[in-house]
file model-v1.txt (compact mmCIF, C-alpha atoms)
# COMPACT_ATOMS: atom_id res chain seq x y z
CA MET A 19 105.15 127.00 161.78
CA ALA A 20 104.63 127.93 158.13
CA LEU A 21 101.08 128.15 156.83
CA ASN A 22 100.20 127.71 153.18
CA GLU A 23 97.10 129.90 153.08
CA PRO A 24 94.04 128.23 151.57
CA ALA A 25 91.67 129.80 149.09
CA GLU A 26 89.26 132.37 150.49
CA SER A 27 86.30 130.01 150.11
CA HIS A 28 87.61 127.67 152.83
CA HIS A 29 86.75 129.71 155.94
CA PRO A 30 86.85 126.70 158.33
CA VAL A 31 90.44 126.02 157.29
CA GLN A 32 91.45 129.65 157.77
CA GLU A 33 89.90 129.58 161.23
CA ALA A 34 91.70 126.32 162.01
CA LEU A 35 95.05 127.73 160.90
CA ARG A 36 94.54 130.83 163.03
CA ALA A 37 93.52 128.68 166.00
CA LEU A 38 96.59 126.47 165.68
CA ASP A 39 98.82 129.52 165.40
CA VAL A 40 97.38 130.86 168.67
CA VAL A 41 97.55 127.52 170.50
CA ALA A 42 101.15 126.99 169.36
CA ARG A 43 102.10 130.27 171.03
CA HIS A 44 100.85 128.92 174.38
CA PRO A 45 102.94 125.80 175.11
CA ALA A 46 101.49 125.58 178.63
CA GLY A 47 97.96 125.56 177.19
CA ILE A 48 95.20 128.07 176.50
CA THR A 49 91.61 127.97 177.69
CA ASP A 50 88.78 127.76 175.20
CA ALA A 51 87.44 131.08 176.50
CA GLU A 52 90.74 132.85 175.82
CA LEU A 53 91.08 131.15 172.44
CA GLY A 54 87.60 132.28 171.50
CA ARG A 55 88.42 135.86 172.47
CA GLN A 56 91.63 135.91 170.46
CA LEU A 57 89.94 134.41 167.41
CA ASP A 58 86.72 136.40 167.85
CA LEU A 59 84.66 133.22 167.53
CA GLY A 60 81.39 132.48 169.27
CA PRO A 61 81.00 129.41 171.50
CA ARG A 62 79.21 127.30 168.89
CA ARG A 63 81.75 127.85 166.11
CA LEU A 64 84.64 127.45 168.53
CA THR A 65 83.24 124.16 169.85
CA THR A 66 82.86 122.80 166.31
CA LEU A 67 86.38 123.91 165.41
CA LEU A 68 87.96 122.40 168.53
CA ARG A 69 86.08 119.14 168.01
CA MET A 70 87.58 118.81 164.53
CA LEU A 71 91.08 119.77 165.68
CA ARG A 72 90.95 117.24 168.52
CA ARG A 73 89.63 114.49 166.25
CA GLU A 74 92.47 115.11 163.81
CA GLY A 75 95.09 115.15 166.58
CA TYR A 76 96.10 118.76 166.04
CA VAL A 77 95.18 119.86 169.57
CA LEU A 78 94.71 117.99 172.82
CA ARG A 79 92.91 118.88 176.00
CA LEU A 80 95.08 119.02 179.10
CA PRO A 81 93.93 117.74 182.51
CA ASP A 82 93.16 121.31 183.60
CA GLY A 83 90.85 121.80 180.59
CA ALA A 84 93.22 124.01 178.58
CA TYR A 85 94.23 123.20 175.00
CA ALA A 86 97.73 122.55 173.64
CA VAL A 87 99.10 121.38 170.30
CA GLY A 88 98.82 117.65 169.62
CA ASP A 89 101.11 115.05 168.15
CA ALA A 90 99.74 115.29 164.60
CA PHE A 91 100.42 119.03 164.55
CA ALA A 92 103.94 118.53 165.87
CA ARG A 93 104.73 115.89 163.22
CA LEU A 94 103.38 117.89 160.29
CA THR A 95 105.22 121.06 161.28
CA SER A 96 108.53 119.28 161.83
CA THR A 97 111.20 119.24 159.13
CA ASP A 98 112.09 115.69 160.17
CA GLY A 99 109.94 113.26 158.20
CA HIS A 100 107.32 115.79 157.16
CA GLU A 101 106.43 114.15 153.85
CA GLU A 102 106.00 110.71 155.40
CA ALA A 103 103.95 112.17 158.26
CA LEU A 104 101.74 114.04 155.81
CA ARG A 105 101.12 110.97 153.67
CA GLU A 106 100.25 108.87 156.73
CA LYS A 107 97.94 111.56 158.10
CA LEU A 108 96.15 111.96 154.79
CA GLN A 109 95.74 108.19 154.41
CA ARG A 110 94.14 107.92 157.84
CA THR A 111 91.74 110.72 156.92
CA LEU A 112 90.88 109.09 153.57
CA ASP A 113 90.35 105.70 155.25
CA ARG A 114 87.99 107.25 157.80
CA LEU A 115 86.09 109.09 155.09
CA ARG A 116 85.80 105.89 153.03
CA ASP A 117 84.23 104.09 155.98
CA ASP A 118 81.96 107.02 156.87
CA VAL A 119 80.68 107.62 153.33
CA GLY A 120 80.79 104.03 152.06
CA ALA A 121 82.67 104.91 148.87
CA ALA A 122 86.19 104.79 147.50
CA ILE A 123 88.02 108.06 148.21
CA TYR A 124 90.74 109.69 146.10
CA LEU A 125 93.19 112.52 146.63
CA SER A 126 94.60 114.14 143.51
CA ARG A 127 96.52 117.17 142.35
CA TYR A 128 97.30 119.00 139.13
CA ASP A 129 101.07 118.77 138.88
CA ASP A 130 103.23 120.04 136.04
CA GLY A 131 100.31 120.06 133.62
CA GLU A 132 99.04 116.59 134.49
CA VAL A 133 96.27 115.02 136.58
CA ARG A 134 97.78 112.82 139.27
CA VAL A 135 95.88 110.65 141.75
CA THR A 136 98.26 110.63 144.71
CA GLN A 137 96.37 108.54 147.29
CA CYS A 138 93.31 106.31 147.44
CA ALA A 139 91.25 104.56 150.10
CA ALA A 140 89.19 101.65 148.81
CA GLY A 141 88.06 98.28 150.09
CA PRO A 142 85.69 95.34 149.54
CA GLY A 143 82.64 97.45 150.35
CA ALA A 144 83.99 100.51 148.55
CA PRO A 145 85.72 99.34 145.35
CA ALA A 146 87.97 101.71 143.44
CA VAL A 147 86.96 102.61 139.92
CA ASN A 148 88.62 100.49 137.24
CA GLU A 149 91.20 102.86 135.70
CA TRP A 150 90.67 101.53 132.21
CA VAL A 151 91.92 104.80 130.73
CA ASP A 152 94.80 106.63 132.41
CA PHE A 153 93.35 109.49 134.46
CA ARG A 154 95.94 111.81 132.90
CA TRP A 155 94.13 111.39 129.58
CA ALA A 156 90.59 111.50 130.94
CA ALA A 157 90.32 114.85 132.72
CA HIS A 158 87.44 115.83 130.45
CA ALA A 159 85.41 112.82 131.59
CA SER A 160 86.27 112.23 135.25
CA ALA A 161 85.04 114.14 138.30
CA VAL A 162 88.65 114.37 139.48
CA GLY A 163 89.81 115.85 136.21
CA LYS A 164 86.96 118.31 135.85
CA SER A 165 87.45 119.48 139.42
CA LEU A 166 91.13 120.13 138.76
CA LEU A 167 90.54 121.79 135.39
CA GLY A 168 87.88 123.97 136.99
CA GLN A 169 90.52 125.50 139.24
CA LEU A 170 92.70 126.56 136.29
CA ASP A 171 92.19 129.74 134.31
CA ARG A 172 90.77 129.55 130.80
CA ASP A 173 94.23 129.48 129.18
CA GLY A 174 95.30 126.68 131.51
CA ARG A 175 92.23 124.64 130.59
CA ARG A 176 92.77 125.18 126.88
CA ASP A 177 96.43 124.23 127.20
CA HIS A 178 95.51 120.97 128.93
CA LEU A 179 92.87 120.06 126.38
CA SER A 180 95.27 120.86 123.53
CA ARG A 181 97.60 118.17 124.89
CA HIS A 182 94.95 115.55 125.70
CA ARG A 183 92.42 114.58 123.06
CA MET A 184 88.84 114.48 124.36
CA ALA A 185 88.08 110.87 123.51
CA ARG A 186 84.57 109.46 123.89
CA LEU A 187 84.86 106.97 126.76
CA THR A 188 81.14 106.30 127.19
CA SER A 189 77.96 107.52 125.55
CA ARG A 190 77.79 110.25 128.22
CA THR A 191 81.30 111.66 127.72
CA ILE A 192 81.50 115.32 126.67
CA THR A 193 83.81 115.53 123.66
CA SER A 194 83.15 119.15 122.66
CA GLU A 195 85.81 121.49 124.03
CA ARG A 196 83.44 124.44 123.80
CA LEU A 197 80.74 122.62 125.76
CA LEU A 198 83.18 121.41 128.42
CA LEU A 199 84.67 124.87 128.91
CA THR A 200 81.15 126.31 129.22
CA HIS A 201 80.29 123.73 131.89
CA LEU A 202 83.51 124.41 133.79
CA GLU A 203 82.95 128.15 133.78
CA ALA A 204 79.38 127.72 135.04
CA GLN A 205 80.43 125.36 137.86
CA PRO A 206 80.26 127.10 141.27
CA PRO A 207 83.71 126.78 142.93
CA SER A 208 82.30 125.30 146.13
CA ALA A 209 79.90 122.83 144.49
CA PRO A 210 80.90 119.19 143.96
CA VAL A 211 81.66 118.16 140.36
CA LEU A 212 79.82 115.02 139.28
CA ASP A 213 80.66 112.25 136.82
CA LEU A 214 77.57 110.24 135.93
CA GLN A 215 79.09 107.35 133.97
CA GLU A 216 81.12 109.74 131.81
CA TYR A 217 84.44 108.02 132.54
CA ALA A 218 83.30 104.43 133.04
CA VAL A 219 80.00 102.64 132.56
CA GLY A 220 78.74 101.40 135.90
CA THR A 221 80.45 104.03 138.07
CA VAL A 222 79.42 107.47 139.34
CA CYS A 223 81.81 109.93 140.98
CA ALA A 224 81.96 113.30 142.71
CA ALA A 225 84.86 115.63 143.49
CA VAL A 226 85.44 118.83 145.42
CA ALA A 227 88.25 121.34 144.99
CA LEU A 228 91.19 121.56 147.38
CA SER A 229 92.96 124.86 146.69
CA ALA A 230 95.77 126.21 148.89
CA GLY A 231 98.05 128.92 147.56
CA GLU A 232 99.25 127.73 144.17
CA ARG A 233 98.28 124.13 144.97
CA VAL A 234 95.46 122.74 142.83
CA GLY A 235 94.00 119.57 144.29
CA SER A 236 90.83 117.55 144.55
CA LEU A 237 89.10 115.16 146.94
CA ALA A 238 86.85 112.68 145.18
CA LEU A 239 84.72 109.58 145.64
CA SER A 240 83.39 106.83 143.41
CA MET A 241 80.63 104.26 143.83
CA PRO A 242 78.81 101.72 141.68
CA VAL A 243 75.95 103.16 139.64
CA SER A 244 73.60 100.91 141.61
CA GLN A 245 74.25 103.27 144.53
CA ALA A 246 73.77 106.45 142.53
CA HIS A 247 70.85 107.41 144.75
CA ARG A 248 73.44 108.06 147.49
CA LEU A 249 75.71 110.22 145.37
CA ARG A 250 74.34 113.67 146.20
CA ARG A 251 74.36 113.06 149.93
CA ALA A 252 77.83 111.48 149.74
CA ALA A 253 79.09 114.45 147.71
CA ASP A 254 77.79 116.87 150.33
CA ARG A 255 79.59 114.88 153.02
CA LEU A 256 82.74 114.93 150.91
CA HIS A 257 82.51 118.71 150.76
CA GLN A 258 82.06 118.95 154.52
CA GLU A 259 85.06 116.71 155.17
CA ALA A 260 87.38 118.50 152.74
CA ALA A 261 88.51 120.93 155.43
CA PRO A 262 90.63 118.43 157.43
CA VAL A 263 92.38 117.33 154.24
CA LEU A 264 93.09 120.89 153.15
CA LEU A 265 94.26 121.73 156.66
CA SER A 266 96.79 118.88 156.56
CA LEU A 267 98.04 120.10 153.18
CA SER A 268 98.35 123.65 154.50
CA LEU A 269 100.64 122.83 157.43
CA GLN A 270 104.31 123.12 156.58
CA PRO A 271 107.53 122.98 158.65

call {"tool": "encode", "arguments": {"input": "model-v1.txt", "output": "structure tokens"}}
result
Amino acid sequence: MALNEPAESHHPVQEALRALDVVARHPAGITDAELGRQLDLGPRRLTTLLRMLRREGYVLRLPDGAYAVGDAFARLTSTDGHEEALREKLQRTLDRLRDDVGAAIYLSRYDDGEVRVTQCAAGPGAPAVNEWVDFRWAAHASAVGKSLLGQLDRDGRRDHLSRHRMARLTSRTITSERLLLTHLEAQPPSAPVLDLQEYAVGTVCAAVALSAGERVGSLALSMPVSQAHRLRRAADRLHQEAAPVLLSLSLQP
């Protein structure tokens, strides 16, 4: 199993990767007590961790009560069909999060100097934002874009903005490079980035960073402005649920 180590701020993911590494070394199963000792985790944190790993299919509980690796873990750490397995796993996670939060959910990454939305979960009760301006040209205005730019260094941000003019998309759009860079530098890495009708009138969004190794990614949501009173709570939930997504991205054959 190869692990793409996540950023230091994602302690739950680091713990999950360590736990999976230990469980994988015990094909006949390992008890929760022994796992806790090897990981140096207390009962409460271990219970929370195992609950998430079981829900995501990464571990399963054997009839004797011990834990072994599950099917989702086996598929994501196999060289046979890894990319398809990863996409399917991520889509299931996004779909569940969409239903739990009641908002459209997006997965994106910063790839070769461009913002790319790679997967989305939307539906009748959680409509996707109308992409009236290509997201690649709207990083300065969208929660997705600002989250991705926030993970770059200052030179990386300036390079991106030099290639993409900061057009005014709504009356709330920041079009000053100096002001945007100041906002990005002041943004706490673990705090959700918000878009309050900066990209599109009638829509509010939030995004959280997904950093693993050199990977720069983002998990985001959007909802109609009529539901803006739910945005903060939804953003907090998004942040809490980022760990399973980052964990999936961190598992490699």

call {"tool": "residues_around", "arguments": {"input": "model-v1.txt", "residues": "stretch 159-161 of chain A", "least_positions_apart": "3", "cutoff": "8 Å", "atoms": "only C-alpha atoms", "output": "number ranges by chain"}}
result
A: 153, 156, 164-165, 187, 191-192, 211-213, 216-217, 223-225, 238

call {"tool": "residues_around", "arguments": {"input": "model-v1.txt", "residues": "stretch 79-85 of chain A", "least_positions_apart": "2", "cutoff": "10 Å", "atoms": "all atoms listed in the file", "output": "ChimeraX atom specification"}}
result
/A:41-42,44-53,68,72,77,87-88

call {"tool": "atom_distance", "arguments": {"input": "model-v1.txt", "atom1": "atom CA of A:Thr66", "atom2": "atom CA of A:Glu33"}}
result
11.0 Å

call {"tool": "axis_aligned_box", "arguments": {"input": "model-v1.txt", "around": "stretch 154-158 of chain A", "padding_each_side": "5 Å", "output": "JSON"}}
result
{"center_x": 91.7, "center_y": 113.6, "center_z": 131.2, "size_x": 18.5, "size_y": 14.4, "size_z": 13.3}

call {"tool": "residues_around", "arguments": {"input": "model-v1.txt", "residues": "stretch 103-118 of chain A", "least_positions_apart": "3", "cutoff": "8 Å", "atoms": "only C-alpha atoms", "output": "VMD selection string"}}
result
chain A and resid 90 93 to 94 99 to 100 121 to 124 137 to 140 144 256 259 262 to 263 266 to 267

call {"tool": "atom_distance", "arguments": {"input": "model-v1.txt", "atom1": "atom CA of A:Leu71", "atom2": "atom CA of A:Val135"}}
result
26.1 Å

call {"tool": "atom_distance", "arguments": {"input": "model-v1.txt", "atom1": "atom CA of A:Leu78", "atom2": "atom CA of A:Glu101"}}
result
22.6 Å

call {"tool": "residues_around", "arguments": {"input": "model-v1.txt", "residues": "stretch 206-208 of chain A", "least_positions_apart": "5", "cutoff": "8 Å", "atoms": "only C-alpha atoms", "output": "PDB file with C-alpha atoms, in the frame of the given file"}}
result
ATOM      1  CA  SER A  27      86.300 130.010 150.110  1.00  0.00           C
ATOM      2  CA  GLY A 168      87.880 123.970 136.990  1.00  0.00           C
ATOM      3  CA  GLN A 169      90.520 125.500 139.240  1.00  0.00           C
ATOM      4  CA  VAL A 226      85.440 118.830 145.420  1.00  0.00           C
ATOM      5  CA  ALA A 227      88.250 121.340 144.990  1.00  0.00           C
TER       6      ALA A 227
END

call {"tool": "residues_around", "arguments": {"input": "model-v1.txt", "residues": "A:Ser126", "least_positions_apart": "2", "cutoff": "8 Å", "atoms": "all atoms listed in the file", "output": "MDAnalysis selection string"}}
result
chainID A and resid 124 128 133:137 162 235:237

call {"tool": "closest_residue", "arguments": {"input": "model-v1.txt", "among": "A:Arg69, A:Arg183, A:His158, A:Arg127", "to": "A:Arg233", "atoms": "only C-alpha atoms"}}
result
A:Arg127

call {"tool": "closest_residue", "arguments": {"input": "model-v1.txt", "among": "A:Gly143, A:Gly220, A:Gly75, A:Gly163", "to": "A:Leu38", "atoms": "all atoms listed in the file"}}
result
A:Gly75

call {"tool": "closest_residue", "arguments": {"input": "model-v1.txt", "among": "A:Gln205, A:Gly131, A:Leu214, A:Leu228", "to": "A:Ser180", "atoms": "only C-alpha atoms"}}
result
A:Gly131

call {"tool": "build_atoms", "arguments": {"input": "model-v1.txt", "residues": "stretch 84-118 of chain A", "atoms": "N, CA and C atoms", "output": "PDB file, keeping the file's coordinate frame"}}
result
ATOM      1  N   ALA A  84      92.636 123.136 179.598  1.00  0.00           N
ATOM      2  CA  ALA A  84      93.220 124.010 178.580  1.00  0.00           C
ATOM      3  C   ALA A  84      93.599 123.181 177.347  1.00  0.00           C
ATOM      4  N   TYR A  85      93.888 123.873 176.249  1.00  0.00           N
ATOM      5  CA  TYR A  85      94.230 123.200 175.000  1.00  0.00           C
ATOM      6  C   TYR A  85      95.677 123.484 174.613  1.00  0.00           C
ATOM      7  N   ALA A  86      96.357 122.439 174.114  1.00  0.00           N
ATOM      8  CA  ALA A  86      97.730 122.550 173.640  1.00  0.00           C
ATOM      9  C   ALA A  86      97.839 121.812 172.308  1.00  0.00           C
ATOM     10  N   VAL A  87      98.943 122.035 171.598  1.00  0.00           N
ATOM     11  CA  VAL A  87      99.100 121.380 170.300  1.00  0.00           C
ATOM     12  C   VAL A  87      99.283 119.881 170.495  1.00  0.00           C
ATOM     13  N   GLY A  88      98.756 119.097 169.546  1.00  0.00           N
ATOM     14  CA  GLY A  88      98.820 117.650 169.620  1.00  0.00           C
ATOM     15  C   GLY A  88      99.940 117.067 168.789  1.00  0.00           C
ATOM     16  N   ASP A  89     100.027 115.754 168.815  1.00  0.00           N
ATOM     17  CA  ASP A  89     101.110 115.050 168.150  1.00  0.00           C
ATOM     18  C   ASP A  89     101.053 115.211 166.630  1.00  0.00           C
ATOM     19  N   ALA A  90      99.851 115.168 166.051  1.00  0.00           N
ATOM     20  CA  ALA A  90      99.740 115.290 164.600  1.00  0.00           C
ATOM     21  C   ALA A  90     100.235 116.648 164.125  1.00  0.00           C
ATOM     22  N   PHE A  91      99.943 117.693 164.889  1.00  0.00           N
ATOM     23  CA  PHE A  91     100.420 119.030 164.550  1.00  0.00           C
ATOM     24  C   PHE A  91     101.939 119.082 164.623  1.00  0.00           C
ATOM     25  N   ALA A  92     102.492 118.519 165.687  1.00  0.00           N
ATOM     26  CA  ALA A  92     103.940 118.530 165.870  1.00  0.00           C
ATOM     27  C   ALA A  92     104.642 117.809 164.723  1.00  0.00           C
ATOM     28  N   ARG A  93     104.095 116.663 164.293  1.00  0.00           N
ATOM     29  CA  ARG A  93     104.730 115.890 163.220  1.00  0.00           C
ATOM     30  C   ARG A  93     104.662 116.620 161.879  1.00  0.00           C
ATOM     31  N   LEU A  94     103.525 117.251 161.597  1.00  0.00           N
ATOM     32  CA  LEU A  94     103.380 117.890 160.290  1.00  0.00           C
ATOM     33  C   LEU A  94     104.128 119.210 160.192  1.00  0.00           C
ATOM     34  N   THR A  95     104.478 119.799 161.315  1.00  0.00           N
ATOM     35  CA  THR A  95     105.220 121.060 161.280  1.00  0.00           C
ATOM     36  C   THR A  95     106.690 120.852 161.607  1.00  0.00           C
ATOM     37  N   SER A  96     107.129 119.590 161.610  1.00  0.00           N
ATOM     38  CA  SER A  96     108.530 119.280 161.830  1.00  0.00           C
ATOM     39  C   SER A  96     109.217 119.024 160.488  1.00  0.00           C
ATOM     40  N   THR A  97     110.446 119.480 160.364  1.00  0.00           N
ATOM     41  CA  THR A  97     111.200 119.240 159.130  1.00  0.00           C
ATOM     42  C   THR A  97     111.657 117.791 159.029  1.00  0.00           C
ATOM     43  N   ASP A  98     111.646 117.082 160.132  1.00  0.00           N
ATOM     44  CA  ASP A  98     112.090 115.690 160.170  1.00  0.00           C
ATOM     45  C   ASP A  98     110.925 114.763 159.820  1.00  0.00           C
ATOM     46  N   GLY A  99     110.965 114.204 158.623  1.00  0.00           N
ATOM     47  CA  GLY A  99     109.940 113.260 158.200  1.00  0.00           C
ATOM     48  C   GLY A  99     108.600 113.871 157.874  1.00  0.00           C
ATOM     49  N   HIS A 100     108.600 115.116 157.434  1.00  0.00           N
ATOM     50  CA  HIS A 100     107.320 115.790 157.160  1.00  0.00           C
ATOM     51  C   HIS A 100     106.515 115.088 156.083  1.00  0.00           C
ATOM     52  N   GLU A 101     107.161 114.727 154.966  1.00  0.00           N
ATOM     53  CA  GLU A 101     106.430 114.150 153.850  1.00  0.00           C
ATOM     54  C   GLU A 101     105.800 112.807 154.234  1.00  0.00           C
ATOM     55  N   GLU A 102     106.543 111.991 154.962  1.00  0.00           N
ATOM     56  CA  GLU A 102     106.000 110.710 155.400  1.00  0.00           C
ATOM     57  C   GLU A 102     104.841 110.924 156.377  1.00  0.00           C
ATOM     58  N   ALA A 103     105.012 111.878 157.293  1.00  0.00           N
ATOM     59  CA  ALA A 103     103.950 112.170 158.260  1.00  0.00           C
ATOM     60  C   ALA A 103     102.696 112.669 157.561  1.00  0.00           C
ATOM     61  N   LEU A 104     102.882 113.513 156.541  1.00  0.00           N
ATOM     62  CA  LEU A 104     101.740 114.040 155.810  1.00  0.00           C
ATOM     63  C   LEU A 104     101.005 112.926 155.076  1.00  0.00           C
ATOM     64  N   ARG A 105     101.750 112.062 154.415  1.00  0.00           N
ATOM     65  CA  ARG A 105     101.120 110.970 153.670  1.00  0.00           C
ATOM     66  C   ARG A 105     100.342 110.049 154.620  1.00  0.00           C
ATOM     67  N   GLU A 106     100.926 109.736 155.762  1.00  0.00           N
ATOM     68  CA  GLU A 106     100.250 108.870 156.730  1.00  0.00           C
ATOM     69  C   GLU A 106      98.996 109.537 157.276  1.00  0.00           C
ATOM     70  N   LYS A 107      99.085 110.832 157.566  1.00  0.00           N
ATOM     71  CA  LYS A 107      97.940 111.560 158.100  1.00  0.00           C
ATOM     72  C   LYS A 107      96.818 111.609 157.076  1.00  0.00           C
ATOM     73  N   LEU A 108      97.155 111.896 155.835  1.00  0.00           N
ATOM     74  CA  LEU A 108      96.150 111.960 154.790  1.00  0.00           C
ATOM     75  C   LEU A 108      95.499 110.594 154.572  1.00  0.00           C
ATOM     76  N   GLN A 109      96.301 109.528 154.631  1.00  0.00           N
ATOM     77  CA  GLN A 109      95.740 108.190 154.410  1.00  0.00           C
ATOM     78  C   GLN A 109      94.759 107.824 155.508  1.00  0.00           C
ATOM     79  N   ARG A 110      95.070 108.189 156.741  1.00  0.00           N
ATOM     80  CA  ARG A 110      94.140 107.920 157.840  1.00  0.00           C
ATOM     81  C   ARG A 110      92.835 108.679 157.632  1.00  0.00           C
ATOM     82  N   THR A 111      92.939 109.915 157.175  1.00  0.00           N
ATOM     83  CA  THR A 111      91.740 110.720 156.920  1.00  0.00           C
ATOM     84  C   THR A 111      90.919 110.115 155.785  1.00  0.00           C
ATOM     85  N   LEU A 112      91.586 109.695 154.708  1.00  0.00           N
ATOM     86  CA  LEU A 112      90.880 109.090 153.570  1.00  0.00           C
ATOM     87  C   LEU A 112      90.218 107.782 153.992  1.00  0.00           C
ATOM     88  N   ASP A 113      90.915 106.975 154.787  1.00  0.00           N
ATOM     89  CA  ASP A 113      90.350 105.700 155.250  1.00  0.00           C
ATOM     90  C   ASP A 113      89.089 105.949 156.080  1.00  0.00           C
ATOM     91  N   ARG A 114      89.155 106.935 156.963  1.00  0.00           N
ATOM     92  CA  ARG A 114      87.990 107.250 157.800  1.00  0.00           C
ATOM     93  C   ARG A 114      86.830 107.730 156.938  1.00  0.00           C
ATOM     94  N   LEU A 115      87.134 108.570 155.968  1.00  0.00           N
ATOM     95  CA  LEU A 115      86.090 109.090 155.090  1.00  0.00           C
ATOM     96  C   LEU A 115      85.475 107.978 154.246  1.00  0.00           C
ATOM     97  N   ARG A 116      86.305 107.047 153.778  1.00  0.00           N
ATOM     98  CA  ARG A 116      85.800 105.890 153.030  1.00  0.00           C
ATOM     99  C   ARG A 116      84.780 105.108 153.857  1.00  0.00           C
ATOM    100  N   ASP A 117      85.121 104.862 155.105  1.00  0.00           N
ATOM    101  CA  ASP A 117      84.230 104.090 155.980  1.00  0.00           C
ATOM    102  C   ASP A 117      82.970 104.869 156.324  1.00  0.00           C
ATOM    103  N   ASP A 118      83.117 106.196 156.514  1.00  0.00           N
ATOM    104  CA  ASP A 118      81.960 107.020 156.870  1.00  0.00           C
ATOM    105  C   ASP A 118      80.981 107.161 155.707  1.00  0.00           C
TER     106      ASP A 118
END
